[in-house]
>>> print(open('upload-v7.pdb').read())   # PDB, C-alpha atoms and all ligand atoms
ATOM      1  CA  MET A 169       6.249  43.701  28.620  1.00  0.00           C
ATOM      2  CA  ILE A 170       2.647  42.757  27.951  1.00  0.00           C
ATOM      3  CA  THR A 171       2.104  40.316  25.137  1.00  0.00           C
ATOM      4  CA  LYS A 172      -0.685  41.252  22.792  1.00  0.00           C
ATOM      5  CA  THR A 173      -1.126  37.757  21.420  1.00  0.00           C
ATOM      6  CA  ARG A 174      -4.708  36.723  21.795  1.00  0.00           C
ATOM      7  CA  CYS A 175      -6.515  33.437  21.441  1.00  0.00           C
ATOM      8  CA  PHE A 176      -7.535  32.620  17.904  1.00  0.00           C
ATOM      9  CA  HIS A 177     -11.090  31.975  19.072  1.00  0.00           C
ATOM     10  CA  HIS A 178     -11.332  34.394  22.003  1.00  0.00           C
ATOM     11  CA  GLU A 179     -10.139  37.901  21.304  1.00  0.00           C
ATOM     12  CA  ASP A 180     -10.527  38.905  24.941  1.00  0.00           C
ATOM     13  CA  ARG A 181      -8.306  36.111  26.214  1.00  0.00           C
ATOM     14  CA  GLN A 182      -4.557  36.060  26.257  1.00  0.00           C
ATOM     15  CA  ALA A 183      -2.969  33.208  24.352  1.00  0.00           C
ATOM     16  CA  ALA A 184      -1.376  30.563  26.524  1.00  0.00           C
ATOM     17  CA  ALA A 185      -0.061  28.169  23.923  1.00  0.00           C
ATOM     18  CA  ARG A 186       0.611  27.830  20.258  1.00  0.00           C
ATOM     19  CA  CYS A 187      -0.935  25.092  18.176  1.00  0.00           C
ATOM     20  CA  PHE A 188       1.586  22.665  16.754  1.00  0.00           C
ATOM     21  CA  GLY A 189      -0.523  22.045  13.681  1.00  0.00           C
ATOM     22  CA  CYS A 190      -1.639  25.463  12.418  1.00  0.00           C
ATOM     23  CA  GLY A 191       0.727  27.702  14.381  1.00  0.00           C
ATOM     24  CA  ASN A 192      -2.071  29.885  15.722  1.00  0.00           C
ATOM     25  CA  PHE A 193      -2.154  31.030  19.315  1.00  0.00           C
ATOM     26  CA  PHE A 194      -4.845  29.765  21.612  1.00  0.00           C
ATOM     27  CA  CYS A 195      -5.927  30.170  25.193  1.00  0.00           C
ATOM     28  CA  ARG A 196      -5.657  27.334  27.683  1.00  0.00           C
ATOM     29  CA  GLU A 197      -9.229  26.240  27.076  1.00  0.00           C
ATOM     30  CA  CYS A 198      -8.866  26.015  23.292  1.00  0.00           C
ATOM     31  CA  VAL A 199      -5.704  23.958  23.239  1.00  0.00           C
ATOM     32  CA  THR A 200      -5.379  20.244  23.966  1.00  0.00           C
ATOM     33  CA  GLU A 201      -2.287  18.180  24.521  1.00  0.00           C
ATOM     34  CA  HIS A 202      -2.158  15.294  22.107  1.00  0.00           C
ATOM     35  CA  GLU A 203       0.833  12.937  22.008  1.00  0.00           C
ATOM     36  CA  GLY A 204       3.007  15.523  23.715  1.00  0.00           C
ATOM     37  CA  ARG A 205       1.997  18.264  21.287  1.00  0.00           C
ATOM     38  CA  LEU A 206      -0.338  21.146  21.843  1.00  0.00           C
ATOM     39  CA  SER A 207      -3.078  21.251  19.263  1.00  0.00           C
ATOM     40  CA  CYS A 208      -6.246  23.250  18.801  1.00  0.00           C
ATOM     41  CA  ALA A 209      -9.568  21.450  18.458  1.00  0.00           C
ATOM     42  CA  ALA A 210      -9.581  21.672  14.665  1.00  0.00           C
ATOM     43  CA  CYS A 211      -6.049  20.306  14.304  1.00  0.00           C
ATOM     44  CA  LEU A 212      -6.712  17.595  16.876  1.00  0.00           C
ATOM     45  CA  ARG A 213      -9.749  16.471  14.895  1.00  0.00           C
ATOM     46  CA  ARG A 214      -7.727  16.564  11.669  1.00  0.00           C
ATOM     47  CA  GLN A 215      -4.894  14.557  13.256  1.00  0.00           C
ATOM     48  CA  THR A 216      -7.122  11.855  14.684  1.00  0.00           C
ATOM     49  CA  ALA A 217      -9.158  11.681  11.464  1.00  0.00           C
ATOM     50  CA  GLY A 218      -5.962  11.419   9.420  1.00  0.00           C
ATOM     51  CA  ILE A 219      -4.634   8.605  11.593  1.00  0.00           C
ATOM     52  CA  ALA A 220      -7.922   6.713  11.312  1.00  0.00           C
ATOM     53  CA  ALA A 221      -8.111   7.280   7.556  1.00  0.00           C
ATOM     54  CA  SER A 222      -4.520   6.228   6.935  1.00  0.00           C
ATOM     55  CA  GLY A 223      -4.995   3.124   9.079  1.00  0.00           C
ATOM     56  CA  SER A 224      -8.063   1.963   7.210  1.00  0.00           C
ATOM     57  CA  TRP A 225      -6.456   2.943   3.913  1.00  0.00           C
ATOM     58  CA  ARG A 226      -3.438   0.778   4.710  1.00  0.00           C
ATOM     59  CA  GLN A 227      -5.648  -2.122   5.733  1.00  0.00           C
ATOM     60  CA  ARG A 228      -7.666  -1.816   2.541  1.00  0.00           C
ATOM     61  CA  THR A 229      -4.482  -1.664   0.436  1.00  0.00           C
ATOM     62  CA  VAL A 230      -3.103  -4.800   2.068  1.00  0.00           C
ATOM     63  CA  LEU A 231      -6.385  -6.618   1.528  1.00  0.00           C
ATOM     64  CA  ALA A 232      -6.590  -5.471  -2.090  1.00  0.00           C
ATOM     65  CA  ALA A 233      -2.965  -6.455  -2.730  1.00  0.00           C
ATOM     66  CA  MET A 234      -3.571  -9.889  -1.255  1.00  0.00           C
ATOM     67  CA  LEU A 235      -6.711 -10.357  -3.331  1.00  0.00           C
ATOM     68  CA  VAL A 236      -5.103  -9.139  -6.569  1.00  0.00           C
ATOM     69  CA  GLY A 237      -1.945 -11.149  -5.890  1.00  0.00           C
ATOM     70  CA  GLY A 238      -3.901 -14.306  -5.201  1.00  0.00           C
ATOM     71  CA  LEU A 239      -6.067 -13.866  -8.299  1.00  0.00           C
ATOM     72  CA  THR A 240      -3.106 -13.065 -10.535  1.00  0.00           C
ATOM     73  CA  GLY A 241      -1.140 -15.998  -9.143  1.00  0.00           C
ATOM     74  CA  SER A 242      -3.932 -18.504  -9.717  1.00  0.00           C
ATOM     75  CA  TRP A 243      -4.690 -17.023 -13.154  1.00  0.00           C
ATOM     76  CA  LEU A 244      -1.044 -17.284 -14.173  1.00  0.00           C
ATOM     77  CA  LEU A 245      -0.904 -20.877 -12.943  1.00  0.00           C
ATOM     78  CA  PHE A 246      -4.003 -21.879 -14.901  1.00  0.00           C
ATOM     79  CA  TYR A 247      -2.941 -19.872 -17.934  1.00  0.00           C
ATOM     80  CA  THR A 248       0.529 -21.424 -18.174  1.00  0.00           C
ATOM     81  CA  ALA A 249      -0.858 -24.899 -17.449  1.00  0.00           C
ATOM     82  CA  GLY A 250      -3.497 -24.500 -20.149  1.00  0.00           C
ATOM     83  CA  TRP A 251      -0.977 -23.076 -22.601  1.00  0.00           C
ATOM     84  CA  SER A 252       1.520 -25.920 -22.136  1.00  0.00           C
ATOM     85  CA  LEU A 253      -1.288 -28.519 -22.445  1.00  0.00           C
ATOM     86  CA  GLU A 254      -2.426 -26.866 -25.665  1.00  0.00           C
ATOM     87  CA  GLN A 255       1.110 -26.948 -27.031  1.00  0.00           C
ATOM     88  CA  LEU A 256       1.432 -30.652 -26.216  1.00  0.00           C
ATOM     89  CA  THR A 257      -1.925 -31.851 -27.569  1.00  0.00           C
ATOM     90  CA  ALA A 258      -2.578 -29.529 -30.513  1.00  0.00           C
ATOM     91  CA  PRO A 259      -0.698 -30.424 -33.685  1.00  0.00           C
ATOM     92  CA  SER A 260       1.770 -27.823 -34.784  1.00  0.00           C
ATOM     93  CA  PRO A 261       0.641 -26.070 -38.002  1.00  0.00           C
ATOM     94  CA  SER A 262       4.193 -25.925 -39.314  1.00  0.00           C
ATOM     95  CA  ALA A 263       4.695 -29.709 -38.904  1.00  0.00           C
ATOM     96  CA  GLU A 264       1.384 -30.375 -40.673  1.00  0.00           C
ATOM     97  CA  ALA A 265       2.409 -28.168 -43.614  1.00  0.00           C
ATOM     98  CA  ALA A 266       5.789 -29.896 -43.840  1.00  0.00           C
ATOM     99  CA  GLY A 267       4.136 -33.339 -43.918  1.00  0.00           C
ATOM    100  CA  ARG A 268       2.060 -32.558 -47.020  1.00  0.00           C
TER
HETATM  101 ZN    ZN B 301      -4.361  24.188  15.081  1.00  0.00          ZN
HETATM  102 ZN    ZN B 302      -9.657  30.371  23.367  1.00  0.00          ZN
END
>>> encode(input="upload-v7.pdb", output="structure tokens")
Amino acid sequence: MITKTRCFHHEDRQAAARCFGCGNFFCRECVTEHEGRLSCAACLRRQTAGIAASGSWRQRTVLAAMLVGGLTGSWLLFYTAGWSLEQLTAPSPSAEAAGR
């Protein structure tokens, strides 16, 4: 039985492997083994780009979370400290009204 599956890029070549990413058939020259999986050039590029993007995205998220957390923490500290100081020093309007 002769298989009629041809390479996605080369119609005159018989497909040797199937891409793990897109499921298309490719010849030996068009497919690359990446992390134990056979991928075409387009899927390989997409995979490596996705890994790089997700890595930097995660790093940026961690940095942003640290920055926001630090700012919020210091703001809360100053805010509560200022609020309690204000409550201690400022005369209460209700006490003033009761005195008169
Ligand atoms: Zn592919
Ligand atoms: Zn090919």
>>> atom_distance(input="upload-v7.pdb", atom1="CA of Leu206 in chain A", atom2="atom ZN of ligand ZN 302 (chain B)")
13.2 Å
>>> residues_near_ligand(input="upload-v7.pdb", ligand="ligand ZN 301 (chain B)", cutoff="10 Å", atoms="only C-alpha atoms and all ligand atoms", output="list in words")
Phe176, Arg186, Cys187, Phe188, Gly189, Cys190, Gly191, Asn192, Phe193, Phe194, Cys198, Val199, Thr200, Leu206, Ser207, Cys208, Ala209, Ala210, Cys211, Leu212, Arg213, Arg214 and Gln215 of chain A
>>> closest_atom_pairs(input="upload-v7.pdb", of="chain A", to="ligand ZN 302 (chain B)", cutoff="10 Å", atoms="all atoms listed in the file", output="JSON lines")
{"residue": "A:Arg174", "atom": "CA", "partner": "B:ZN302", "partner_atom": "ZN", "distance": 8.2}
{"residue": "A:Cys175", "atom": "CA", "partner": "B:ZN302", "partner_atom": "ZN", "distance": 4.8}
{"residue": "A:Phe176", "atom": "CA", "partner": "B:ZN302", "partner_atom": "ZN", "distance": 6.3}
{"residue": "A:His177", "atom": "CA", "partner": "B:ZN302", "partner_atom": "ZN", "distance": 4.8}
{"residue": "A:His178", "atom": "CA", "partner": "B:ZN302", "partner_atom": "ZN", "distance": 4.6}
{"residue": "A:Glu179", "atom": "CA", "partner": "B:ZN302", "partner_atom": "ZN", "distance": 7.8}
{"residue": "A:Asp180", "atom": "CA", "partner": "B:ZN302", "partner_atom": "ZN", "distance": 8.7}
{"residue": "A:Arg181", "atom": "CA", "partner": "B:ZN302", "partner_atom": "ZN", "distance": 6.5}
{"residue": "A:Gln182", "atom": "CA", "partner": "B:ZN302", "partner_atom": "ZN", "distance": 8.2}
{"residue": "A:Ala183", "atom": "CA", "partner": "B:ZN302", "partner_atom": "ZN", "distance": 7.3}
{"residue": "A:Ala184", "atom": "CA", "partner": "B:ZN302", "partner_atom": "ZN", "distance": 8.9}
{"residue": "A:Ala185", "atom": "CA", "partner": "B:ZN302", "partner_atom": "ZN", "distance": 9.9}
{"residue": "A:Phe193", "atom": "CA", "partner": "B:ZN302", "partner_atom": "ZN", "distance": 8.6}
{"residue": "A:Phe194", "atom": "CA", "partner": "B:ZN302", "partner_atom": "ZN", "distance": 5.2}
{"residue": "A:Cys195", "atom": "CA", "partner": "B:ZN302", "partner_atom": "ZN", "distance": 4.2}
{"residue": "A:Arg196", "atom": "CA", "partner": "B:ZN302", "partner_atom": "ZN", "distance": 6.6}
{"residue": "A:Glu197", "atom": "CA", "partner": "B:ZN302", "partner_atom": "ZN", "distance": 5.6}
{"residue": "A:Cys198", "atom": "CA", "partner": "B:ZN302", "partner_atom": "ZN", "distance": 4.4}
{"residue": "A:Val199", "atom": "CA", "partner": "B:ZN302", "partner_atom": "ZN", "distance": 7.5}
{"residue": "A:Cys208", "atom": "CA", "partner": "B:ZN302", "partner_atom": "ZN", "distance": 9.1}
>>> atom_distance(input="upload-v7.pdb", atom1="CA of Met234 in chain A", atom2="CA of Leu253 in chain A")
28.3 Å
>>> atom_distance(input="upload-v7.pdb", atom1="CA of Gly241 in chain A", atom2="CA of Leu256 in chain A")
22.6 Å
>>> axis_aligned_box(input="upload-v7.pdb", around="range 181-188 of chain A", padding_each_side="3 Å", output="AutoDock Vina command-line options")
--center_x -3.4 --center_y 29.4 --center_z 21.6 --size_x 15.9 --size_y 19.4 --size_z 15.8
